[in-house]
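Chemist: Sharing a structure, written as structure tokens. Questions coming.
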Amino acid sequence: MPKNSRWLKELKEKKEKWEQTILAPALQKIGPKREQKVIGIGHLEHPVKEIYTPLDLEEIGFDYLRDVGFPGEYPFVRGSEPTKDPSKPWLIRIYAGFGTPEESNKRYKFLLEQGAEEIVVAADLPTQIGYDPDHPMSAGEVGNVGVSLASLKDMEILFKGIPLNSMRRVGILGNTIGPIALAFFIALGEKQGLSPNEYVVHIQNDSLKEYGARNTQFIPIRDSVRLATDVVQYCAEKRLDWNAINACAAHYQVAGCAAAHAFAFASAITYIDYLIEKGLHIDEFAHLFNLFTGGEPTFTGVAVIRAARRIWARLMKERYGAKDPRSMAIKLTAYTVAESTAQQPLNNIVRIAFGTQTYALAGVDYIYNASYDEGLAIPTEDAAMLSLRTQQILAWESEIPFVIDPFAGSYFVESLTAKLEKEVLHYLSEIEEMGGAIEAIERGYFQRKQVEQGLIKTIAISTGEKPHIGVNKFKINESAPIPMFRQDVEVARKRIEDIKALKRERDNDKVKQCLENIRKVAATNENIVPSVLDAVRAYATLGEICDVWRDVFGSFEFSKNY
Amino acid sequence: MGEKKKKILMAKLGLDGHDFGVKILCQMFRNAGFEVIYTGQRQSPEQVIAAAIDEDVNVIGISTLSGAHMHTIPRTVEILKKYNLNIPIIAGGTIPPEDVQKLKEIGVAEIFPTGADVNGAIEFIKKLPD
């Protein structure tokens, strides 16, 4: 492309002439036009122009080789791999679980038959917060938002007839119970006669996200980061090429927070610094990280992912001195719920399809999408199947996977990529000035930013400034309810009996020894995972292990933090 | 016209941690001229009621997303009744239609399920007795 100054000058003159003689009269016919600012969720400070030209690339000093390069090469903007297998353009995941392990097992078998390639276990809140179903704090919550899991026994039932190596991968959130989640899968693999090298586990394990937004934390923040990084260290040392940890932006994005990726990078930096402190070299573990994104419309979604890949690559190379390309090429997981509404829920099918398309266009490695009824209840079987079909149609009927990073070089998308990169780095530097992610969370910065930025979107919708179909535009009398999933009310009672039975059948002396050992290890700097794995193998419960942690580390105190 | 500011206690009960919605509501209620106190997460019904008495609020607003509403809200109502406390409760979030009816029957003043208009809640609070 000729980029000499004479050519640019001519382009600028011609563009100005076009604006004055062609565009202006056309705009006059339309009448006063609202300034289009709302591009992306929360990224309100980026007004969008009518058109983009090579002048915009000039403005950002665009240099293809330096800023974009080739897929599978630094700075990995076009993706971590040189190309993709057209039969597997991304990995089709689904987040699922409810009630008892028996009920969820049935659902998993159904979803796998329908072509899910990875089950991401959705656990209920007691499980996520380290309480067994018989704990008083669990009352009313057992099996509600996910499956109730308390021991290896439950994992055996959950994956009965589903060998871990029969899926491309298997995942779980486990953000504040990372070591137990890891141990559950290793011990389950052993029960199924598999060595850990025969299957792949993806644990979200981002404990900071819980303190910053999601609130399943139960021990002090620094101890939780230690446990999360113990998981990464364990995987690194055992050479398990799993996803040991995710830096999560998605939860913050869905809230409408423009600083979301800065939070994710700040969290990743904290984990990395802990791991280096443990004596590991960046190239031993950086490839175990994954970036979790989701919740933006098309152009912002694509641009922020391209920006994130570049930020990660430069961070690894420049700050941490990584040499291994695997360390610099971040893999991405995307989730889309796509501003779903309770009103006219069938509209969510369309929203989620467009949301999924965004991540297909961005070439992310792993995708999962919500079901259209997910804002109202646990998805029905049909709704969950439709989520899978949405991905499958995009993967195998659309042209999207044919070309890697098709937006590269677009005047608009490259310009937006550069702007969003700058925005992420701006928020990241604010966090680093406070001392990092932990300090920023302790000072309420993550929490405040979400509300400040999320409020802008909420108000824009409530005033009608931001159109939301079925909410502030094209409202109808909602007369035809969609089929809703109903929970079995006996779940809690059954689960309490399960725990009683387990405690009768297992070797309780062995369990006691194992728990004592966790207590000892927790008080040192040693990696917690081997001791937790032994306890899980002996059928110690999740609640018993977490009680030891609460004892040793103390309980997290919730305060009136807003 | 010298009208006293309505005071509302916004609460999250049990293990339900998704509190972005409740925080946004707090701001929108403040913008509407109410005085708003947020309990923070993982509160018991007892803690919420104690805070409501301490702060002398006009109404308790419960945000619930995790499906535990048929456990947490009736318990809160029960304790209020036990001590003859006359503080109205409103609730919002993921509450299916059949539960809306049941909760109203046990004495919850109004329910605003997911998708309800925030202005409806604002109007409702404005009309509460001082």
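Here, A, B, ... name the chains of the structure tokens in the order displayed, residue numbers run from 1 inside each chain, and ligands are numbered from 1 in the same displayed order.
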Determine, for each residue of chain A having at least one atom at most 10 Å from an atom of chain B, the closest pair of atoms and their separation in Å to one decimal, counting only C-alpha atoms; order by chain and ascending number, as a Markdown table.
Modeler:
| residue | atom | partner | partner_atom | distance |
| --- | --- | --- | --- | --- |
| A:Asp124 | CA | B:Ser66 | CA | 9.0 |
| A:Leu125 | CA | B:Leu15 | CA | 6.5 |
| A:Pro126 | CA | B:Leu15 | CA | 7.3 |
| A:Gln128 | CA | B:Leu15 | CA | 9.7 |
| A:Ile129 | CA | B:Leu15 | CA | 7.9 |
| A:Met137 | CA | B:Gly14 | CA | 7.0 |
| A:Ser138 | CA | B:Leu15 | CA | 7.6 |
| A:Ala139 | CA | B:His71 | CA | 7.5 |
| A:Gly140 | CA | B:Ala68 | CA | 4.8 |
| A:Glu141 | CA | B:Ala68 | CA | 5.4 |
| A:Val142 | CA | B:Ala68 | CA | 8.7 |
| A:Gly143 | CA | B:Gly67 | CA | 9.4 |
| A:Asn144 | CA | B:Gly67 | CA | 5.8 |
| A:Val145 | CA | B:Ser66 | CA | 6.1 |
| A:Gly146 | CA | B:Ser66 | CA | 9.7 |
| A:Glu210 | CA | B:Gly17 | CA | 8.9 |
| A:Ala213 | CA | B:His18 | CA | 7.4 |
| A:Arg214 | CA | B:His18 | CA | 5.5 |
| A:Asn215 | CA | B:Gly17 | CA | 4.7 |
| A:Thr216 | CA | B:Gly17 | CA | 6.4 |
| A:Gln217 | CA | B:Gly17 | CA | 9.3 |
| A:Tyr252 | CA | B:Phe20 | CA | 9.4 |
| A:Val254 | CA | B:Phe20 | CA | 10.0 |
| A:Ala255 | CA | B:Phe20 | CA | 6.9 |
| A:Thr341 | CA | B:Gly115 | CA | 6.7 |
| A:Ala342 | CA | B:Gly115 | CA | 5.0 |
| A:Gln343 | CA | B:Gly115 | CA | 6.1 |
| A:Gln344 | CA | B:Gly115 | CA | 9.9 |
| A:Gly375 | CA | B:Thr94 | CA | 7.5 |
| A:Leu376 | CA | B:Thr94 | CA | 6.1 |
| A:Ala377 | CA | B:Thr94 | CA | 7.7 |
| A:Ile378 | CA | B:Gly67 | CA | 9.9 |
| A:Gln447 | CA | B:Phe20 | CA | 8.7 |
| A:Arg448 | CA | B:Lys23 | CA | 9.5 |
| A:Gln450 | CA | B:Phe20 | CA | 7.8 |
| A:Val451 | CA | B:Ile24 | CA | 6.1 |
| A:Glu452 | CA | B:Ile24 | CA | 8.5 |
| A:Gln453 | CA | B:Ile24 | CA | 10.0 |
| A:Gly454 | CA | B:Ile24 | CA | 7.4 |
| A:Leu455 | CA | B:Ile24 | CA | 6.0 |
| A:Ile456 | CA | B:Ile24 | CA | 9.7 |
| A:Thr458 | CA | B:Ile24 | CA | 7.8 |
| A:Ile459 | CA | B:Met28 | CA | 8.2 |
| A:Ser462 | CA | B:Val118 | CA | 7.9 |
| A:Gly470 | CA | B:Gly115 | CA | 9.8 |
| A:Val471 | CA | B:Gly115 | CA | 7.8 |
| A:Asn472 | CA | B:Asp117 | CA | 9.7 |
| A:Met484 | CA | B:Pro96 | CA | 9.1 |
| A:Arg486 | CA | B:Pro96 | CA | 9.9 |
| A:Gln487 | CA | B:Gly67 | CA | 9.7 |
| A:Glu557 | CA | B:Arg42 | CA | 9.6 |
| A:Phe558 | CA | B:Gln41 | CA | 6.4 |
| A:Ser559 | CA | B:Gly40 | CA | 5.9 |
| A:Lys560 | CA | B:Gly40 | CA | 4.6 |
| A:Asn561 | CA | B:Gly40 | CA | 6.1 |
| A:Tyr562 | CA | B:Tyr38 | CA | 6.8 |
Chemist: Quick one: everything within 12 Å of Ile79 in chain B, counting only C-alpha atoms, minus sequence neighbours fewer than 6 positions away in the same chain. Send it as a list of chain:residue names.
Modeler: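 Result of the neighbour search: B:Ser44, B:Pro45, B:Glu46, B:Gln47, B:Val48, B:Ile49, B:Ala50, B:Thr72, B:Ile73, B:Leu85, B:Asn86, B:Ile87.
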Chemist: Give me a file of those residues, with C-alpha atoms, as a compact mmCIF listing (two decimals), in the first residue's frame.
Modeler:
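See selection36.txt below for the written result:
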# COMPACT_ATOMS: atom_id res chain seq x y z
CA SER B 44 -28.55 -14.02 57.53
CA PRO B 45 -32.20 -12.89 57.92
CA GLU B 46 -31.36 -11.96 61.53
CA GLN B 47 -28.48 -9.71 60.44
CA VAL B 48 -30.65 -8.01 57.84
CA ILE B 49 -33.47 -7.35 60.30
CA ALA B 50 -31.05 -6.05 62.93
CA THR B 72 -34.50 -17.04 52.71
CA ILE B 73 -37.50 -14.75 52.24
CA LEU B 85 -42.02 -5.71 63.45
CA ASN B 86 -43.85 -3.79 60.82
CA ILE B 87 -41.18 -3.29 58.15
Chemist: Using only C-alpha atoms, which of A:Thr270, A:Gln357, A:Asn175, A:Gln513 sits nearest Ala535 in chain A?
Modeler: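 The shortest atom-to-atom distance to Ala535 in chain A comes from A:Gln513.
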Chemist: Val121 in chain A: which residues within 7 Å, counting only C-alpha atoms, same-chain residues fewer than 6 positions away excluded, as a PDB file with C-alpha atoms, in the first residue's frame?
Modeler:
ATOM      1  CA  TYR A  95     -21.588 -25.057  31.004  1.00  0.00           C
ATOM      2  CA  ALA A  96     -24.016 -27.412  32.712  1.00  0.00           C
ATOM      3  CA  GLY A  97     -25.044 -28.928  36.006  1.00  0.00           C
ATOM      4  CA  GLY A 171     -13.787 -28.051  32.810  1.00  0.00           C
ATOM      5  CA  ILE A 172     -14.986 -26.474  36.019  1.00  0.00           C
TER       6      ILE A 172
END
Chemist: Give me the residues near Val147 in chain A as a list in words, where near means some atom within 7 Å (using only C-alpha atoms) and where sequence neighbours in that chain fewer than 4 positions away do not count.
Modeler: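 Returned residues: Gly97, Phe98, Gly99, Thr100, Pro101, Ser104, Ala122, Ala123, Asp124 and Gly143 of chain A.
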Chemist: Taking only C-alpha atoms into account, which of A:Met385, A:Ile221, A:Leu361, A:Leu227 comes nearest Leu275 in chain A?
Modeler: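 Among A:Met385, A:Ile221, A:Leu361, A:Leu227, it is A:Leu227 that comes nearest to Leu275 in chain A.
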